[in-house]
Amino acid sequence: GENVEQHPSTLSVQEGDSAVIKCTYSDSASNYFPWYKQELGKGPQLIIDIRSNVGEKKDQRIAVTLNKTAKHFSLHITETQPEDSAVYFCAAIPEGGNEKLTFGTGTRLTIIP
Amino acid sequence: NAGVTQTPKFQVLKTGQSMTLQCAQDMNHNSMYWYRQDPGMGLRLIYYSASEGTTDKGEVPNGYNVSRLNKREFSLRLESAAPSQTSVYFCASSEAGTSGYNEQFFGPGTRLTVL
């Protein structure tokens, strides 16, 4: 089955700086890679996703890049703000995976004012 | 719309007790999921239901049963709770994709402690 590794487990950045979270996956058939943000006491919420036919996707201050050859994808947050503090999860799903996502172990991002 | 709702929010059980976690969604989604979240282990799929009347095991199904009561509701039952089942449980739903994958919407979670 699919295995997703996520690094780092914790990340602290100064407000206004950029943050990068990296994930690797094992199943070369995986073709959908979402990122979820979980605020304290809440359920995860999708913030951006990318499919295997695209190398990069941006949405305002958030971007995701995908390298299928190396089997890794990354989340980039620019101009970080206090409200970006949360736990972020990457995930992957292989083609024919019946919508069963495999999640990474999460990154706790703290923005220092 | 309430989205995905879960009850209860908190629960404490003794080893061997049973309970059912309830989940309902009002988005007319076909697919529903149960996950558990443990420190350092991310979210792990317990069971999945692609449509009313169908269920499928996920990564960690042992010790759990599920019922897809109708399109809206998907319950998770612990028949004989064990301390290893102490966790935060999340229910989620999504529109089944015919040519791709769709966003999963999560409920607020149930924090379960088994003593």
# chains A, B, ... in the order shown; residues from 1 in each chain; ligands from 1
>>> interface_residues(of="chain B", to="chain A", cutoff="8 Å", atoms="only C-alpha atoms", output="PDB file with N, CA and C atoms, in the first residue's frame")
ATOM      1  N   GLY B  40       1.553  11.938  16.475  1.00  0.00           N
ATOM      2  CA  GLY B  40       2.683  11.452  15.703  1.00  0.00           C
ATOM      3  C   GLY B  40       2.338  10.443  14.616  1.00  0.00           C
ATOM      4  N   MET B  41       1.029  10.139  14.453  1.00  0.00           N
ATOM      5  CA  MET B  41       0.661   9.123  13.469  1.00  0.00           C
ATOM      6  C   MET B  41      -0.312   9.630  12.423  1.00  0.00           C
ATOM      7  N   GLY B  42      -0.635  10.878  12.461  1.00  0.00           N
ATOM      8  CA  GLY B  42      -1.525  11.425  11.451  1.00  0.00           C
ATOM      9  C   GLY B  42      -2.926  10.843  11.539  1.00  0.00           C
ATOM     10  N   LEU B  43      -3.611  10.843  10.433  1.00  0.00           N
ATOM     11  CA  LEU B  43      -4.979  10.320  10.340  1.00  0.00           C
ATOM     12  C   LEU B  43      -4.922   8.952   9.667  1.00  0.00           C
ATOM     13  N   ARG B  44      -5.536   7.985  10.295  1.00  0.00           N
ATOM     14  CA  ARG B  44      -5.567   6.634   9.729  1.00  0.00           C
ATOM     15  C   ARG B  44      -7.000   6.208   9.490  1.00  0.00           C
ATOM     16  N   LEU B  45      -7.269   5.673   8.299  1.00  0.00           N
ATOM     17  CA  LEU B  45      -8.618   5.295   7.910  1.00  0.00           C
ATOM     18  C   LEU B  45      -9.034   4.007   8.609  1.00  0.00           C
ATOM     19  N   TYR B  48     -14.587   2.850   5.452  1.00  0.00           N
ATOM     20  CA  TYR B  48     -15.015   3.713   4.358  1.00  0.00           C
ATOM     21  C   TYR B  48     -16.324   3.171   3.791  1.00  0.00           C
ATOM     22  N   GLY B  58     -10.546  -0.051   6.154  1.00  0.00           N
ATOM     23  CA  GLY B  58      -9.423   0.818   5.902  1.00  0.00           C
ATOM     24  C   GLY B  58      -8.150   0.215   6.449  1.00  0.00           C
ATOM     25  N   PHE B  90     -12.500  11.091  13.755  1.00  0.00           N
ATOM     26  CA  PHE B  90     -13.081  12.026  12.805  1.00  0.00           C
ATOM     27  C   PHE B  90     -13.906  11.270  11.763  1.00  0.00           C
ATOM     28  N   ALA B  96     -18.560  11.299  -4.391  1.00  0.00           N
ATOM     29  CA  ALA B  96     -17.809  10.276  -5.112  1.00  0.00           C
ATOM     30  C   ALA B  96     -17.404  10.815  -6.464  1.00  0.00           C
ATOM     31  N   TYR B 101     -10.812  12.859  -7.932  1.00  0.00           N
ATOM     32  CA  TYR B 101     -11.023  12.795  -6.504  1.00  0.00           C
ATOM     33  C   TYR B 101     -11.566  14.121  -6.005  1.00  0.00           C
ATOM     34  N   GLU B 103     -12.771  16.747  -2.561  1.00  0.00           N
ATOM     35  CA  GLU B 103     -12.455  17.189  -1.221  1.00  0.00           C
ATOM     36  C   GLU B 103     -13.215  16.381  -0.199  1.00  0.00           C
ATOM     37  N   GLN B 104     -12.532  15.994   0.862  1.00  0.00           N
ATOM     38  CA  GLN B 104     -13.202  15.373   1.997  1.00  0.00           C
ATOM     39  C   GLN B 104     -13.490  16.458   3.033  1.00  0.00           C
ATOM     40  N   PHE B 105     -14.724  16.456   3.519  1.00  0.00           N
ATOM     41  CA  PHE B 105     -15.159  17.417   4.535  1.00  0.00           C
ATOM     42  C   PHE B 105     -15.211  16.683   5.872  1.00  0.00           C
ATOM     43  N   PHE B 106     -14.523  17.241   6.863  1.00  0.00           N
ATOM     44  CA  PHE B 106     -14.400  16.584   8.159  1.00  0.00           C
ATOM     45  C   PHE B 106     -15.334  17.186   9.198  1.00  0.00           C
ATOM     46  N   GLY B 107     -15.777  16.329  10.113  1.00  0.00           N
ATOM     47  CA  GLY B 107     -16.514  16.786  11.273  1.00  0.00           C
ATOM     48  C   GLY B 107     -15.556  17.316  12.331  1.00  0.00           C
ATOM     49  N   PRO B 108     -16.091  17.771  13.475  1.00  0.00           N
ATOM     50  CA  PRO B 108     -15.264  18.375  14.527  1.00  0.00           C
ATOM     51  C   PRO B 108     -14.537  17.369  15.403  1.00  0.00           C
ATOM     52  N   GLY B 109     -14.873  16.092  15.286  1.00  0.00           N
ATOM     53  CA  GLY B 109     -14.161  15.068  16.041  1.00  0.00           C
ATOM     54  C   GLY B 109     -14.837  14.670  17.335  1.00  0.00           C
TER      55      GLY B 109
END
>>> residues_around(residues="region 62-74 of chain A", least_positions_apart="5", cutoff="6 Å", atoms="only C-alpha atoms", output="VMD selection string")
chain A and resid 21 to 25 55 to 57
>>> closest_residue(among="A:Ala92, A:Val87, A:Ile50, A:Ser30", to="Thr10 (chain A)", atoms="only C-alpha atoms")
A:Val87
>>> residues_around(residues="His29 (chain B)", least_positions_apart="4", cutoff="8 Å", atoms="only C-alpha atoms", output="list of chain:residue names")
B:Gln25, B:Lys71, B:Arg72, B:Ser93, B:Ser94, B:Glu95, B:Ala96
>>> write_last_selection(atoms="all heavy atoms", output="JSON list (two decimals), in the first residue's frame")
[["chain", "number", "residue", "atom", "x", "y", "z"],
["B", 25, "GLN", "N", -24.13, 13.84, 7.71],
["B", 25, "GLN", "CA", -23.76, 14.93, 6.79],
["B", 25, "GLN", "C", -24.99, 15.36, 6.00],
["B", 25, "GLN", "O", -25.85, 14.55, 5.65],
["B", 25, "GLN", "CB", -22.62, 14.50, 5.86],
["B", 25, "GLN", "CG", -22.83, 13.20, 5.10],
["B", 25, "GLN", "CD", -23.44, 13.34, 3.73],
["B", 25, "GLN", "OE1", -23.59, 14.46, 3.22],
["B", 25, "GLN", "NE2", -23.77, 12.21, 3.11],
["B", 71, "LYS", "N", -28.09, 7.49, 3.47],
["B", 71, "LYS", "CA", -27.09, 8.30, 2.78],
["B", 71, "LYS", "C", -26.46, 9.32, 3.71],
["B", 71, "LYS", "O", -25.30, 9.69, 3.57],
["B", 71, "LYS", "CB", -27.71, 9.00, 1.57],
["B", 71, "LYS", "CG", -26.69, 9.62, 0.64],
["B", 71, "LYS", "CD", -27.33, 10.13, -0.64],
["B", 71, "LYS", "CE", -26.26, 10.61, -1.61],
["B", 71, "LYS", "NZ", -26.84, 11.08, -2.88],
["B", 72, "ARG", "N", -27.21, 9.79, 4.71],
["B", 72, "ARG", "CA", -26.74, 10.85, 5.59],
["B", 72, "ARG", "C", -25.86, 10.35, 6.74],
["B", 72, "ARG", "O", -25.00, 11.07, 7.21],
["B", 72, "ARG", "CB", -27.94, 11.58, 6.22],
["B", 72, "ARG", "CG", -28.74, 12.45, 5.30],
["B", 72, "ARG", "CD", -29.78, 13.24, 6.10],
["B", 72, "ARG", "NE", -29.16, 14.17, 7.03],
["B", 72, "ARG", "CZ", -29.18, 14.07, 8.35],
["B", 72, "ARG", "NH1", -29.77, 13.02, 8.93],
["B", 72, "ARG", "NH2", -28.61, 14.97, 9.12],
["B", 93, "SER", "N", -16.86, 13.20, 4.81],
["B", 93, "SER", "CA", -17.67, 12.82, 3.66],
["B", 93, "SER", "C", -17.14, 13.50, 2.41],
["B", 93, "SER", "O", -16.44, 14.51, 2.49],
["B", 93, "SER", "CB", -19.15, 13.19, 3.88],
["B", 93, "SER", "OG", -19.33, 14.60, 3.80],
["B", 94, "SER", "N", -17.44, 12.91, 1.25],
["B", 94, "SER", "CA", -17.06, 13.53, -0.01],
["B", 94, "SER", "C", -18.02, 13.07, -1.10],
["B", 94, "SER", "O", -18.68, 12.03, -0.97],
["B", 94, "SER", "CB", -15.62, 13.16, -0.39],
["B", 94, "SER", "OG", -15.52, 11.80, -0.76],
["B", 95, "GLU", "N", -18.05, 13.85, -2.16],
["B", 95, "GLU", "CA", -18.82, 13.47, -3.32],
["B", 95, "GLU", "C", -18.01, 12.45, -4.09],
["B", 95, "GLU", "O", -16.84, 12.70, -4.38],
["B", 95, "GLU", "CB", -19.11, 14.69, -4.19],
["B", 95, "GLU", "CG", -19.99, 14.43, -5.38],
["B", 95, "GLU", "CD", -21.38, 13.94, -5.00],
["B", 95, "GLU", "OE1", -21.86, 14.27, -3.90],
["B", 95, "GLU", "OE2", -22.00, 13.22, -5.80],
["B", 96, "ALA", "N", -18.56, 11.30, -4.39],
["B", 96, "ALA", "CA", -17.81, 10.28, -5.11],
["B", 96, "ALA", "C", -17.40, 10.81, -6.46],
["B", 96, "ALA", "O", -18.22, 11.35, -7.20],
["B", 96, "ALA", "CB", -18.66, 9.02, -5.27]]
>>> select_by_dssp(residues="region 2-108 of chain A", states="strand (DSSP E)", output="count of residues only")
61
>>> residues_around(residues="region 6-22 of chain B", least_positions_apart="5", cutoff="10 Å", atoms="only C-alpha atoms", output="PyMOL selection string")
chain B and resi 34+64-67+73-86+88-92+106-115
>>> atom_distance(atom1="CA of Ser85 (chain A)", atom2="CA of Glu5 (chain A)")
20.8 Å
>>> residues_around(residues="Val13 (chain A)", least_positions_apart="5", cutoff="7 Å", atoms="only C-alpha atoms", output="VMD selection string")
chain A and resid 19 110 to 112
>>> write_last_selection(atoms="all heavy atoms", output="short mmCIF file (atom, residue, chain, number, x, y, z; two decimals), in the first residue's frame")
data_model
loop_
_atom_site.label_atom_id
_atom_site.label_comp_id
_atom_site.auth_asym_id
_atom_site.auth_seq_id
_atom_site.Cartn_x
_atom_site.Cartn_y
_atom_site.Cartn_z
N ALA A 19 7.35 29.39 4.72
CA ALA A 19 7.41 28.06 5.34
C ALA A 19 7.29 27.01 4.25
O ALA A 19 6.50 27.17 3.31
CB ALA A 19 6.29 27.89 6.36
N THR A 110 4.21 26.89 13.62
CA THR A 110 4.00 28.00 14.55
C THR A 110 4.58 29.26 13.93
O THR A 110 5.76 29.28 13.54
CB THR A 110 4.67 27.74 15.91
OG1 THR A 110 4.14 26.52 16.46
CG2 THR A 110 4.42 28.89 16.87
N ILE A 111 3.77 30.30 13.85
CA ILE A 111 4.23 31.59 13.32
C ILE A 111 4.55 32.49 14.52
O ILE A 111 3.69 32.75 15.36
CB ILE A 111 3.16 32.24 12.44
CG1 ILE A 111 2.71 31.27 11.34
CG2 ILE A 111 3.69 33.54 11.85
CD1 ILE A 111 3.83 30.76 10.45
N ILE A 112 5.76 32.96 14.56
CA ILE A 112 6.23 33.79 15.67
C ILE A 112 6.01 35.25 15.33
O ILE A 112 6.56 35.74 14.34
CB ILE A 112 7.72 33.52 15.95
CG1 ILE A 112 7.96 32.03 16.21
CG2 ILE A 112 8.20 34.35 17.14
CD1 ILE A 112 9.41 31.63 16.16
#
>>> atom_distance(atom1="CA of Ala29 (chain A)", atom2="CA of Pro94 (chain A)")
5.1 Å
>>> closest_residue(among="A:Glu15, A:Val20, A:Lys37, A:Glu2", to="His76 (chain A)", atoms="only C-alpha atoms")
A:Val20
>>> residues_around(residues="Ala50 (chain B)", least_positions_apart="5", cutoff="7 Å", atoms="only C-alpha atoms", output="PyMOL selection string")
chain B and resi 30-32+55
